[in-house]
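Shown next: start-v1.csv, containing CSV, C-alpha atoms (C1' of nucleotides).
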```
chain,number,residue,atom,x,y,z
A,1,MET,CA,40.1,30.5,-10.8
A,2,LYS,CA,42.5,28.3,-12.7
A,3,VAL,CA,45.6,26.5,-11.3
A,4,GLU,CA,47.9,28.7,-13.4
A,5,GLU,CA,46.3,31.9,-12.1
A,6,ALA,CA,46.8,30.7,-8.6
A,7,LEU,CA,50.4,29.9,-9.2
A,8,GLN,CA,50.8,33.3,-10.8
A,9,ILE,CA,49.4,35.1,-7.7
A,10,LEU,CA,51.9,33.2,-5.5
A,11,LYS,CA,54.8,34.2,-7.8
A,12,GLU,CA,53.6,37.9,-7.8
A,13,HIS,CA,53.7,37.9,-4.1
A,14,GLY,CA,57.2,36.5,-3.9
A,15,TYR,CA,56.3,33.0,-2.8
A,16,LYS,CA,58.4,30.1,-4.2
A,17,TYR,CA,57.1,27.5,-6.5
A,18,THR,CA,56.9,24.0,-5.0
A,19,GLY,CA,55.3,20.9,-6.4
A,20,LYS,CA,53.4,20.5,-3.1
A,21,ARG,CA,51.8,23.9,-3.5
A,22,GLU,CA,50.8,23.2,-7.1
A,23,GLU,CA,49.3,19.8,-6.2
A,24,MET,CA,47.3,21.3,-3.3
A,25,ILE,CA,45.8,23.9,-5.6
A,26,ARG,CA,45.2,21.2,-8.3
A,27,ILE,CA,43.3,19.1,-5.8
A,28,CYS,CA,41.1,22.0,-4.9
A,29,ALA,CA,40.6,22.9,-8.5
A,30,GLU,CA,39.3,19.4,-9.4
A,31,GLU,CA,35.9,19.9,-7.7
A,32,LYS,CA,33.3,22.5,-6.9
A,33,ARG,CA,33.4,21.4,-3.3
A,34,TYR,CA,34.6,22.6,0.1
A,35,LEU,CA,37.3,20.3,1.3
A,36,SER,CA,38.7,20.0,4.8
A,37,ALA,CA,42.4,20.1,5.5
A,38,LYS,CA,42.2,16.4,6.2
A,39,ASP,CA,40.6,15.8,2.8
A,40,ILE,CA,43.4,17.7,1.1
A,41,MET,CA,45.9,15.9,3.2
A,42,GLU,CA,44.7,12.5,2.2
A,43,ARG,CA,44.7,13.2,-1.5
A,44,ILE,CA,48.0,14.9,-1.6
A,45,ARG,CA,49.6,12.0,0.1
A,46,GLU,CA,49.1,9.9,-3.0
A,47,LEU,CA,51.8,12.0,-4.5
A,48,TYR,CA,53.7,13.1,-1.4
A,49,PRO,CA,53.3,10.4,1.2
A,50,THR,CA,55.4,12.1,3.8
A,51,LEU,CA,53.9,15.6,3.7
A,52,SER,CA,53.3,17.0,7.1
A,53,PHE,CA,50.1,18.7,8.5
A,54,ASP,CA,52.1,21.8,9.1
A,55,THR,CA,52.8,22.3,5.5
A,56,VAL,CA,49.2,21.7,4.5
A,57,TYR,CA,47.8,24.1,7.1
A,58,ARG,CA,50.4,26.7,6.5
A,59,ASN,CA,49.9,26.7,2.8
A,60,ILE,CA,46.1,26.7,3.1
A,61,SER,CA,46.3,29.8,5.2
A,62,THR,CA,48.7,31.5,2.8
A,63,PHE,CA,46.2,30.6,0.0
A,64,VAL,CA,43.3,32.0,1.9
A,65,ARG,CA,45.3,35.2,2.7
A,66,LEU,CA,46.0,35.7,-1.0
A,67,GLY,CA,42.4,35.0,-2.1
A,68,ILE,CA,43.3,31.8,-3.8
A,69,LEU,CA,41.1,29.7,-1.5
A,70,GLU,CA,37.7,30.6,0.0
A,71,GLU,CA,37.1,29.5,3.6
A,72,THR,CA,34.1,28.4,5.6
A,73,GLU,CA,33.4,26.2,8.6
A,74,LEU,CA,31.4,23.1,8.8
A,75,GLU,CA,30.9,21.1,12.0
A,76,GLY,CA,33.7,22.9,13.8
A,77,GLU,CA,36.3,22.4,11.1
A,78,GLY,CA,37.6,24.7,8.4
A,79,ARG,CA,36.7,23.9,4.8
A,80,PHE,CA,38.2,25.3,1.7
A,81,ARG,CA,37.5,25.7,-2.0
A,82,LEU,CA,39.2,27.4,-4.9
A,83,ALA,CA,38.0,31.0,-5.0
A,84,CYS,CA,35.5,31.7,-7.7
A,85,SER,CA,34.0,35.0,-6.6
A,86,ALA,CA,37.2,36.5,-7.8
A,87,ASP,CA,36.6,35.3,-11.3
A,88,GLY,CA,33.5,37.1,-12.3
A,89,HIS,CA,31.5,39.1,-9.8
A,90,HIS,CA,30.9,38.6,-6.1
A,91,HIS,CA,28.4,35.9,-5.2
A,92,HIS,CA,27.5,33.2,-2.7
A,93,HIS,CA,26.8,29.5,-2.5
A,94,VAL,CA,24.5,26.8,-1.5
A,95,ILE,CA,26.6,24.2,0.3
A,96,CYS,CA,25.9,20.6,0.9
A,97,THR,CA,26.5,19.9,4.5
A,98,GLU,CA,27.2,16.2,3.8
A,99,CYS,CA,29.8,16.4,1.0
A,100,GLY,CA,30.7,20.1,0.8
A,101,LYS,CA,29.5,20.4,-2.8
A,102,THR,CA,28.5,23.9,-3.8
A,103,SER,CA,26.3,25.7,-6.3
A,104,SER,CA,26.3,29.4,-7.0
A,105,LEU,CA,23.5,31.7,-5.9
A,106,PRO,CA,22.6,34.8,-7.9
A,107,GLY,CA,23.3,38.1,-6.4
A,108,CYS,CA,24.4,39.2,-2.9
A,109,PRO,CA,22.1,40.3,-0.1
A,110,MET,CA,24.3,43.3,0.7
A,111,ASN,CA,23.0,44.9,-2.5
A,112,VAL,CA,19.4,44.8,-1.3
A,113,MET,CA,20.2,45.6,2.3
A,114,SER,CA,18.5,49.0,2.6
A,115,SER,CA,20.1,50.0,5.9
A,116,VAL,CA,23.0,48.8,8.0
A,117,PRO,CA,23.1,50.4,11.4
A,118,ASP,CA,25.4,53.3,11.2
A,119,ASP,CA,27.1,52.7,14.5
A,120,PHE,CA,28.9,49.8,12.9
A,121,GLN,CA,31.8,50.0,10.6
A,122,VAL,CA,31.2,47.1,8.3
A,123,THR,CA,34.2,45.0,7.3
A,124,GLY,CA,32.6,41.9,5.7
A,125,HIS,CA,29.7,39.6,5.5
A,126,LYS,CA,28.8,35.9,5.1
A,127,PHE,CA,25.8,34.5,3.3
A,128,GLU,CA,25.5,30.8,2.9
A,129,VAL,CA,22.6,28.5,2.2
A,130,TYR,CA,22.9,25.0,3.6
A,131,GLY,CA,21.3,21.8,2.4
A,132,MET,CA,21.8,18.4,0.9
A,133,CYS,CA,22.7,17.9,-2.7
A,134,LYS,CA,20.7,15.5,-4.9
A,135,GLU,CA,23.3,12.8,-4.6
A,136,CYS,CA,23.5,13.0,-0.8
A,137,VAL,CA,19.7,12.9,-0.5
A,138,ALA,CA,19.6,9.8,-2.6
A,139,HIS,CA,22.4,8.3,-0.6
A,140,ALA,CA,20.7,8.9,2.7
A,141,ASN,CA,17.7,6.7,1.8
X,1,MET,CA,13.6,36.2,24.9
X,2,LYS,CA,13.4,36.6,28.7
X,3,VAL,CA,15.0,34.5,31.4
X,4,GLU,CA,11.6,33.2,32.5
X,5,GLU,CA,10.6,32.1,29.0
X,6,ALA,CA,13.9,30.2,28.7
X,7,LEU,CA,13.3,28.4,32.0
X,8,GLN,CA,9.8,27.6,30.9
X,9,ILE,CA,11.1,26.0,27.7
X,10,LEU,CA,13.5,23.9,29.8
X,11,LYS,CA,10.6,22.8,32.0
X,12,GLU,CA,8.4,22.0,29.1
X,13,HIS,CA,11.0,19.7,27.8
X,14,GLY,CA,11.5,17.9,31.0
X,15,TYR,CA,14.8,19.4,32.0
X,16,LYS,CA,15.4,20.1,35.7
X,17,TYR,CA,15.7,23.5,37.2
X,18,THR,CA,19.1,24.3,38.5
X,19,GLY,CA,20.6,27.6,39.8
X,20,LYS,CA,23.5,27.2,37.5
X,21,ARG,CA,21.3,26.9,34.4
X,22,GLU,CA,19.3,30.0,35.5
X,23,GLU,CA,22.5,31.9,36.1
X,24,MET,CA,23.9,31.0,32.7
X,25,ILE,CA,20.8,32.2,31.0
X,26,ARG,CA,20.8,35.3,33.1
X,27,ILE,CA,24.3,36.1,32.1
X,28,CYS,CA,23.4,35.8,28.4
X,29,ALA,CA,20.3,37.9,28.9
X,30,GLU,CA,22.2,40.8,30.3
X,31,GLU,CA,23.7,41.8,27.0
X,32,LYS,CA,23.0,42.0,23.3
X,33,ARG,CA,26.3,40.3,22.6
X,34,TYR,CA,27.7,37.0,21.5
X,35,LEU,CA,29.7,35.4,24.4
X,36,SER,CA,32.2,32.6,24.2
X,37,ALA,CA,31.9,29.6,26.5
X,38,LYS,CA,34.9,31.0,28.4
X,39,ASP,CA,33.2,34.4,28.8
X,40,ILE,CA,30.2,32.7,30.4
X,41,MET,CA,32.5,30.5,32.4
X,42,GLU,CA,34.3,33.5,33.9
X,43,ARG,CA,31.1,35.3,34.9
X,44,ILE,CA,29.3,32.3,36.3
X,45,ARG,CA,32.3,31.6,38.6
X,46,GLU,CA,31.5,34.7,40.6
X,47,LEU,CA,28.5,32.8,41.8
X,48,TYR,CA,29.6,29.2,41.4
X,49,PRO,CA,33.4,29.2,41.7
X,50,THR,CA,33.7,25.4,41.3
X,51,LEU,CA,31.5,25.0,38.2
X,52,SER,CA,33.2,22.7,35.6
X,53,PHE,CA,33.5,23.5,31.9
X,54,ASP,CA,31.7,20.4,31.1
X,55,THR,CA,28.6,21.8,32.7
X,56,VAL,CA,28.9,25.0,30.8
X,57,TYR,CA,29.4,23.3,27.5
X,58,ARG,CA,26.7,20.7,28.1
X,59,ASN,CA,24.2,23.3,29.1
X,60,ILE,CA,25.1,25.6,26.2
X,61,SER,CA,24.5,22.8,23.7
X,62,THR,CA,21.2,22.0,25.4
X,63,PHE,CA,20.1,25.6,25.2
X,64,VAL,CA,21.1,25.8,21.5
X,65,ARG,CA,19.2,22.6,20.7
X,66,LEU,CA,16.1,24.1,22.4
X,67,GLY,CA,16.4,27.4,20.6
X,68,ILE,CA,17.2,29.3,23.8
X,69,LEU,CA,20.6,30.4,22.6
X,70,GLU,CA,21.7,31.3,19.1
X,71,GLU,CA,25.1,30.2,18.0
X,72,THR,CA,27.8,31.5,15.7
X,73,GLU,CA,31.6,31.1,15.4
X,74,LEU,CA,34.2,33.8,15.6
X,75,GLU,CA,37.9,33.1,15.3
X,76,GLY,CA,37.5,29.4,15.6
X,77,GLU,CA,35.5,29.4,18.8
X,78,GLY,CA,31.8,29.1,19.4
X,79,ARG,CA,29.9,32.2,20.5
X,80,PHE,CA,26.4,32.4,21.9
X,81,ARG,CA,23.6,34.9,22.6
X,82,LEU,CA,20.1,34.7,23.9
X,83,ALA,CA,17.8,33.9,21.0
X,84,CYS,CA,15.9,36.9,19.8
X,85,SER,CA,14.7,35.7,16.4
X,86,ALA,CA,12.2,33.6,18.2
X,87,ASP,CA,10.6,36.7,19.8
X,88,GLY,CA,9.2,38.5,16.8
X,89,HIS,CA,10.0,37.4,13.3
X,90,HIS,CA,13.1,35.9,11.9
X,91,HIS,CA,16.0,38.3,11.2
X,92,HIS,CA,19.8,38.6,11.2
X,93,HIS,CA,22.6,40.6,12.8
X,94,VAL,CA,25.5,42.8,12.4
X,95,ILE,CA,28.2,41.5,14.7
X,96,CYS,CA,31.2,43.3,16.1
X,97,THR,CA,34.2,41.0,15.6
X,98,GLU,CA,35.9,42.6,18.6
X,99,CYS,CA,33.4,42.4,21.4
X,100,GLY,CA,30.6,40.3,19.9
X,101,LYS,CA,28.0,43.1,20.2
X,102,THR,CA,25.1,42.8,17.8
X,103,SER,CA,22.5,44.9,16.2
X,104,SER,CA,19.5,43.7,14.2
X,105,LEU,CA,19.2,43.9,10.5
X,106,PRO,CA,15.8,44.3,8.8
X,107,GLY,CA,14.5,41.4,6.8
X,108,CYS,CA,16.1,38.1,5.6
X,109,PRO,CA,17.9,37.6,2.2
X,110,MET,CA,16.0,34.3,1.8
X,111,ASN,CA,12.8,36.3,1.1
X,112,VAL,CA,14.3,38.0,-1.9
X,113,MET,CA,16.3,35.0,-3.2
X,114,SER,CA,14.5,34.5,-6.5
X,115,SER,CA,15.9,31.1,-7.1
X,116,VAL,CA,17.8,28.4,-5.2
X,117,PRO,CA,19.1,25.6,-7.3
X,118,ASP,CA,16.6,22.8,-7.3
X,119,ASP,CA,19.1,20.1,-7.0
X,120,PHE,CA,19.6,21.1,-3.4
X,121,GLN,CA,17.2,20.3,-0.5
X,122,VAL,CA,17.6,23.5,1.6
X,123,THR,CA,17.9,23.0,5.3
X,124,GLY,CA,19.1,26.3,6.6
X,125,HIS,CA,21.0,29.5,6.0
X,126,LYS,CA,23.3,31.9,7.6
X,127,PHE,CA,23.6,35.6,7.0
X,128,GLU,CA,25.8,37.7,9.1
X,129,VAL,CA,27.3,41.1,8.6
X,130,TYR,CA,30.6,41.7,10.4
X,131,GLY,CA,32.2,44.9,11.5
X,132,MET,CA,33.4,47.0,14.5
X,133,CYS,CA,31.0,48.7,16.8
X,134,LYS,CA,31.4,52.4,17.5
X,135,GLU,CA,32.9,51.7,20.9
X,136,CYS,CA,35.5,49.3,19.5
X,137,VAL,CA,36.4,51.6,16.7
X,138,ALA,CA,37.1,54.4,19.3
X,139,HIS,CA,39.0,52.0,21.5
X,140,ALA,CA,41.3,50.9,18.6
X,141,ASN,CA,42.6,54.5,18.1
S,1,DC,C1',78.1,26.4,-8.0
S,2,DT,C1',77.2,29.0,-3.8
S,3,DT,C1',74.4,31.3,-0.9
S,4,DT,C1',70.4,32.4,1.5
S,5,DA,C1',65.9,32.9,2.8
S,6,DA,C1',61.8,30.3,2.3
S,7,DA,C1',59.7,25.8,2.7
S,8,DT,C1',59.2,21.5,4.8
S,9,DC,C1',59.6,18.0,8.4
S,10,DG,C1',58.2,15.6,12.5
S,11,DG,C1',56.9,16.0,16.6
S,12,DA,C1',55.4,18.5,20.6
S,13,DT,C1',52.0,21.9,22.1
S,14,DT,C1',48.0,24.6,22.5
S,15,DT,C1',43.1,25.4,22.4
S,16,DG,C1',38.4,24.5,22.2
S,17,DT,C1',35.4,20.9,23.2
S,18,DT,C1',33.7,16.3,24.5
S,19,DC,C1',33.8,12.0,27.1
S,20,DT,C1',33.9,9.0,31.3
S,21,DG,C1',32.9,7.2,35.7
S,22,DA,C1',31.8,8.7,40.3
S,23,DT,C1',29.1,11.7,43.1
S,24,DT,C1',25.4,14.9,44.0
S,25,DT,C1',20.9,16.9,43.4
S,26,DA,C1',16.1,18.0,41.7
S,27,DC,C1',12.0,16.1,41.3
S,28,DT,C1',8.3,12.0,41.8
S,29,DA,C1',5.7,8.9,44.1
S,30,DT,C1',5.0,6.9,48.2
D,1,DA,C1',8.4,14.5,54.9
D,2,DT,C1',11.1,10.6,52.7
D,3,DA,C1',13.1,7.4,49.7
D,4,DG,C1',14.1,6.3,45.1
D,5,DT,C1',15.5,7.5,40.6
D,6,DA,C1',17.0,9.7,36.7
D,7,DA,C1',19.2,13.8,35.6
D,8,DA,C1',22.9,17.1,36.6
D,9,DT,C1',27.4,18.1,38.0
D,10,DC,C1',32.2,17.2,39.0
D,11,DA,C1',37.2,16.5,38.0
D,12,DG,C1',40.1,15.2,35.1
D,13,DA,C1',41.2,12.4,31.0
D,14,DA,C1',40.8,12.3,26.2
D,15,DC,C1',40.1,14.2,21.7
D,16,DA,C1',40.6,16.8,17.4
D,17,DA,C1',41.8,20.8,14.9
D,18,DA,C1',45.3,23.8,14.4
D,19,DT,C1',49.7,26.0,15.5
D,20,DC,C1',54.4,26.3,17.1
D,21,DC,C1',59.3,24.8,17.3
D,22,DG,C1',64.1,23.8,16.0
D,23,DA,C1',66.4,21.2,12.6
D,24,DT,C1',66.8,20.1,7.8
D,25,DT,C1',65.9,20.6,2.9
D,26,DT,C1',65.2,23.2,-1.3
D,27,DA,C1',64.0,27.0,-4.8
D,28,DA,C1',65.9,30.5,-7.0
D,29,DA,C1',69.0,34.7,-7.2
D,30,DG,C1',73.8,36.0,-7.9
```
Would you mind writing the file's structure down as structure tokens?
Amino acid sequence: MKVEEALQILKEHGYKYTGKREEMIRICAEEKRYLSAKDIMERIRELYPTLSFDTVYRNISTFVRLGILEETELEGEGRFRLACSADGHHHHHVICTECGKTSSLPGCPMNVMSSVPDDFQVTGHKFEVYGMCKECVAHAN
Amino acid sequence: MKVEEALQILKEHGYKYTGKREEMIRICAEEKRYLSAKDIMERIRELYPTLSFDTVYRNISTFVRLGILEETELEGEGRFRLACSADGHHHHHVICTECGKTSSLPGCPMNVMSSVPDDFQVTGHKFEVYGMCKECVAHAN
DNA sequence: CTTTAAATCGGATTTGTTCTGATTTACTAT
DNA sequence: ATAGTAAATCAGAACAAATCCGATTTAAAG
């Protein structure tokens, strides 16, 4: 997803344009990585030094609700990245547990799941592969 | 896994036997569900009314480390259930997001993953299907 | 330009979890 | 059995992530 698309989605849903929102999205768009709220916080403060957590958290959760950001959880804290599943077709990621960097995986296990117990009404699923990226492996030695 | 096996694992690793530990494991063994620390807390207090949360959390994390409990995370809080992957072969679950009830899924997506990017050193994975169990669906109407 | 609802601020609050130092308890070796 | 010791537990403080609150500012519609 591109920054412009994200801003368009906000507009379509009646949210106001603010420089802070754009900058948050821009920061997320810069890297194929999961960022924590704190990460985003730190970076955005270069431009908006007085921005409060509340704003960051509130906007993040709006973005997640609108499908602009994808969410996961690493070491007990939420991590976010610009949605990419929305772009082409649905897929999943390998995630570096050190730096949050991601790489796409082909396909989705749900396609090959022959049978899901019929006493469950399925609402979603999560498939994530964890590991260390080349850079973090090198760095660890 | 059975309560006795779990206690055996503790013993093998040099942990002491305590009634509180046994009771915690017993509580988890009673149901095929993910329980929160608070859930376990409430139930164990029937038998040990003064037990502190520190003990519950510390023991839980010991159990997880030893593979006695499996861990996941629902709505920002840790949830635990007696390990069952250890029993037979490795598998995954459908989890009811209302009550934590689980049902096993056949197979593991990693087996059919043709290619994982080779710039990642894989350390683990998570595959969970979420939904509502029959009882919770009925209850919601 | 005015109006107004949404967005932000800053700080307090909540919630899940972990830490700390003192006390108790399960096990080991006498 | 008993004493010694390391582990387990306790109670409450501390912590970190996230959310809530009332007051203030701001985007955008008229």
Next on the checklist: Would you mind listing, as a PyMOL selection string, all residues of chain S that have at least one atom within 10 Å of chain X, where only C-alpha atoms (C1' of nucleotides) are what counts?
Outcome noted: chain S and resi 15-19+25-27
Checklist entry - Using all atoms listed in the file, which residue out of X:Leu82, X:Thr55, X:Val116, X:Val64 lies closest to Arg26 of chain X? => result X:Leu82
Next on the checklist: Show me, as a VMD selection string, every residue of chain A with an atom at most 9 Å from chain X, counting all atoms listed in the file.
Outcome noted: chain A and resid 73 76 to 78 94 to 96 103 to 110 112 to 135 137
Write out chain X, as a CSV table (one decimal) with C-alpha atoms, in the coordinates of the input, after superposing it onto chain A by least squares using every C-alpha atom paired in order.
```
chain,number,residue,atom,x,y,z
X,1,MET,CA,40.0,30.5,-10.8
X,2,LYS,CA,42.5,28.2,-12.6
X,3,VAL,CA,45.6,26.5,-11.3
X,4,GLU,CA,47.9,28.7,-13.4
X,5,GLU,CA,46.3,31.9,-12.1
X,6,ALA,CA,46.8,30.7,-8.5
X,7,LEU,CA,50.4,30.0,-9.1
X,8,GLN,CA,50.8,33.4,-10.8
X,9,ILE,CA,49.4,35.1,-7.7
X,10,LEU,CA,51.9,33.2,-5.5
X,11,LYS,CA,54.7,34.3,-7.8
X,12,GLU,CA,53.5,37.9,-7.8
X,13,HIS,CA,53.7,37.9,-4.1
X,14,GLY,CA,57.1,36.5,-3.9
X,15,TYR,CA,56.2,33.0,-2.8
X,16,LYS,CA,58.3,30.1,-4.1
X,17,TYR,CA,57.0,27.5,-6.5
X,18,THR,CA,56.8,24.1,-5.0
X,19,GLY,CA,55.3,20.9,-6.4
X,20,LYS,CA,53.4,20.4,-3.2
X,21,ARG,CA,51.8,23.9,-3.4
X,22,GLU,CA,50.8,23.2,-7.1
X,23,GLU,CA,49.4,19.8,-6.1
X,24,MET,CA,47.3,21.3,-3.3
X,25,ILE,CA,45.8,23.8,-5.6
X,26,ARG,CA,45.3,21.2,-8.2
X,27,ILE,CA,43.4,19.1,-5.8
X,28,CYS,CA,41.1,22.0,-4.9
X,29,ALA,CA,40.6,22.8,-8.5
X,30,GLU,CA,39.3,19.4,-9.4
X,31,GLU,CA,36.0,19.9,-7.7
X,32,LYS,CA,33.3,22.5,-6.9
X,33,ARG,CA,33.4,21.4,-3.3
X,34,TYR,CA,34.6,22.6,0.1
X,35,LEU,CA,37.4,20.3,1.4
X,36,SER,CA,38.7,20.0,4.9
X,37,ALA,CA,42.4,20.1,5.6
X,38,LYS,CA,42.3,16.4,6.2
X,39,ASP,CA,40.6,15.8,2.8
X,40,ILE,CA,43.4,17.6,1.1
X,41,MET,CA,45.9,15.9,3.2
X,42,GLU,CA,44.7,12.4,2.2
X,43,ARG,CA,44.7,13.2,-1.5
X,44,ILE,CA,48.1,14.9,-1.6
X,45,ARG,CA,49.7,11.9,0.1
X,46,GLU,CA,49.1,9.9,-3.0
X,47,LEU,CA,51.8,12.0,-4.5
X,48,TYR,CA,53.8,13.1,-1.4
X,49,PRO,CA,53.3,10.4,1.2
X,50,THR,CA,55.5,12.1,3.8
X,51,LEU,CA,54.0,15.6,3.6
X,52,SER,CA,53.3,17.0,7.1
X,53,PHE,CA,50.1,18.6,8.3
X,54,ASP,CA,51.9,21.7,9.1
X,55,THR,CA,52.7,22.2,5.4
X,56,VAL,CA,49.1,21.7,4.5
X,57,TYR,CA,47.8,24.1,7.1
X,58,ARG,CA,50.5,26.7,6.5
X,59,ASN,CA,49.9,26.6,2.8
X,60,ILE,CA,46.1,26.7,3.1
X,61,SER,CA,46.3,29.8,5.3
X,62,THR,CA,48.6,31.4,2.8
X,63,PHE,CA,46.2,30.7,-0.1
X,64,VAL,CA,43.3,32.1,1.9
X,65,ARG,CA,45.2,35.3,2.7
X,66,LEU,CA,46.0,35.7,-1.0
X,67,GLY,CA,42.4,35.0,-2.1
X,68,ILE,CA,43.3,31.8,-3.8
X,69,LEU,CA,41.1,29.7,-1.6
X,70,GLU,CA,37.7,30.6,0.0
X,71,GLU,CA,37.1,29.5,3.5
X,72,THR,CA,34.1,28.4,5.5
X,73,GLU,CA,33.5,26.2,8.6
X,74,LEU,CA,31.3,23.1,8.8
X,75,GLU,CA,30.9,21.1,12.0
X,76,GLY,CA,33.7,22.9,13.8
X,77,GLU,CA,36.4,22.3,11.1
X,78,GLY,CA,37.7,24.6,8.4
X,79,ARG,CA,36.7,23.9,4.8
X,80,PHE,CA,38.2,25.3,1.7
X,81,ARG,CA,37.5,25.7,-2.0
X,82,LEU,CA,39.2,27.3,-4.9
X,83,ALA,CA,38.0,31.0,-5.0
X,84,CYS,CA,35.5,31.6,-7.7
X,85,SER,CA,34.1,34.9,-6.6
X,86,ALA,CA,37.2,36.5,-7.8
X,87,ASP,CA,36.6,35.3,-11.4
X,88,GLY,CA,33.5,37.2,-12.3
X,89,HIS,CA,31.5,39.2,-9.8
X,90,HIS,CA,31.0,38.6,-6.2
X,91,HIS,CA,28.4,35.9,-5.2
X,92,HIS,CA,27.5,33.2,-2.7
X,93,HIS,CA,26.8,29.5,-2.4
X,94,VAL,CA,24.5,26.8,-1.5
X,95,ILE,CA,26.6,24.2,0.3
X,96,CYS,CA,25.8,20.6,0.9
X,97,THR,CA,26.5,19.9,4.6
X,98,GLU,CA,27.3,16.3,3.8
X,99,CYS,CA,29.8,16.4,1.0
X,100,GLY,CA,30.7,20.1,0.8
X,101,LYS,CA,29.5,20.4,-2.8
X,102,THR,CA,28.5,23.9,-3.8
X,103,SER,CA,26.4,25.7,-6.3
X,104,SER,CA,26.3,29.4,-7.0
X,105,LEU,CA,23.5,31.7,-6.0
X,106,PRO,CA,22.6,34.8,-8.0
X,107,GLY,CA,23.4,38.2,-6.5
X,108,CYS,CA,24.5,39.3,-2.9
X,109,PRO,CA,22.0,40.3,-0.1
X,110,MET,CA,24.3,43.3,0.7
X,111,ASN,CA,23.0,44.9,-2.6
X,112,VAL,CA,19.5,44.9,-1.4
X,113,MET,CA,20.2,45.7,2.3
X,114,SER,CA,18.5,49.1,2.6
X,115,SER,CA,20.1,50.0,5.8
X,116,VAL,CA,23.0,48.8,8.0
X,117,PRO,CA,23.1,50.4,11.4
X,118,ASP,CA,25.4,53.3,11.3
X,119,ASP,CA,27.0,52.7,14.5
X,120,PHE,CA,28.8,49.8,12.9
X,121,GLN,CA,31.9,50.1,10.6
X,122,VAL,CA,31.2,47.1,8.2
X,123,THR,CA,34.1,45.0,7.3
X,124,GLY,CA,32.6,41.9,5.8
X,125,HIS,CA,29.7,39.6,5.5
X,126,LYS,CA,28.8,36.0,5.1
X,127,PHE,CA,25.8,34.5,3.4
X,128,GLU,CA,25.5,30.8,2.9
X,129,VAL,CA,22.6,28.6,2.2
X,130,TYR,CA,22.9,25.0,3.6
X,131,GLY,CA,21.3,21.9,2.4
X,132,MET,CA,21.8,18.4,0.9
X,133,CYS,CA,22.7,17.9,-2.7
X,134,LYS,CA,20.7,15.5,-4.8
X,135,GLU,CA,23.3,12.9,-4.6
X,136,CYS,CA,23.5,13.0,-0.8
X,137,VAL,CA,19.7,13.0,-0.5
X,138,ALA,CA,19.6,9.7,-2.6
X,139,HIS,CA,22.5,8.3,-0.6
X,140,ALA,CA,20.7,8.9,2.7
X,141,ASN,CA,17.7,6.7,1.8
```
Next on the checklist: Which residues are near DT30 of chain S? Cut-off 12 Å, all atoms listed in the file, ignore same chain within fewer than 5 positions. Put them as a ChimeraX atom specification.
Outcome noted: /D:1-4
Item to check | Exercise answer, chain D residues close to chain A, 12 Å and all atoms listed in the file, as a list in words | outcome: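 For chain D, the answer reads DA16, DA17, DA18, DT19, DC20, DC21, DT26, DA27, DA28 and DA29 of chain D.
With atom CA of His13 of chain X on one side and atom C1' of DA7 of chain D on the other, the separation reads 12.8 Å.
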Next on the checklist: I need the residue nearest Ala83 of chain A from this list: A:His139, A:Ala29, A:Leu10, A:Pro49. Use only C-alpha atoms for the distance.
Outcome noted: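 Using only C-alpha atoms, Ala83 of chain A sits closest to A:Ala29.
We find atom CA of Leu35 of chain X and atom CA of Arg21 of chain X to be spaced 15.6 Å apart.
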Item to check | Two-atom distance - atom CA of Ile40 of chain X, atom CA of Lys11 of chain X (Å) | outcome: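 Spanning atom CA of Ile40 of chain X to atom CA of Lys11 of chain X is a straight-line distance of 22.0 Å.
Comparing X:His90, X:Lys20, X:Lys32, X:Arg81 by their smallest distance to Ser52 of chain X, the closest is X:Lys20 (using only C-alpha atoms).
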Checklist entry - From the set X:Glu46, X:Glu4, X:Glu12, X:Glu98, which residue has the shortest atom-to-atom contact distance to Arg33 of chain X, counting only C-alpha atoms? => result X:Glu98
Would you mind completing segment 133-138 of chain A so that it carries N, CA, C and O atoms, and writing it out as a compact mmCIF listing (two decimals), keeping the file's coordinate frame?
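Output file part36.txt follows:
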```
# COMPACT_ATOMS: atom_id res chain seq x y z
N CYS A 133 22.72 17.99 -1.27
CA CYS A 133 22.70 17.90 -2.70
C CYS A 133 21.90 16.64 -3.11
O CYS A 133 21.74 15.74 -2.30
N LYS A 134 21.47 16.61 -4.36
CA LYS A 134 20.70 15.50 -4.90
C LYS A 134 21.33 14.15 -4.54
O LYS A 134 20.67 13.25 -4.03
N GLU A 135 22.63 14.04 -4.82
CA GLU A 135 23.30 12.80 -4.60
C GLU A 135 23.27 12.35 -3.14
O GLU A 135 23.01 11.19 -2.83
N CYS A 136 23.51 13.31 -2.22
CA CYS A 136 23.50 13.00 -0.80
C CYS A 136 22.12 12.62 -0.30
O CYS A 136 21.97 11.79 0.59
N VAL A 137 21.11 13.28 -0.83
CA VAL A 137 19.70 12.90 -0.50
C VAL A 137 19.46 11.50 -0.87
O VAL A 137 18.97 10.70 -0.08
N ALA A 138 19.82 11.16 -2.11
CA ALA A 138 19.60 9.80 -2.60
C ALA A 138 20.34 8.78 -1.75
O ALA A 138 19.81 7.74 -1.38
```
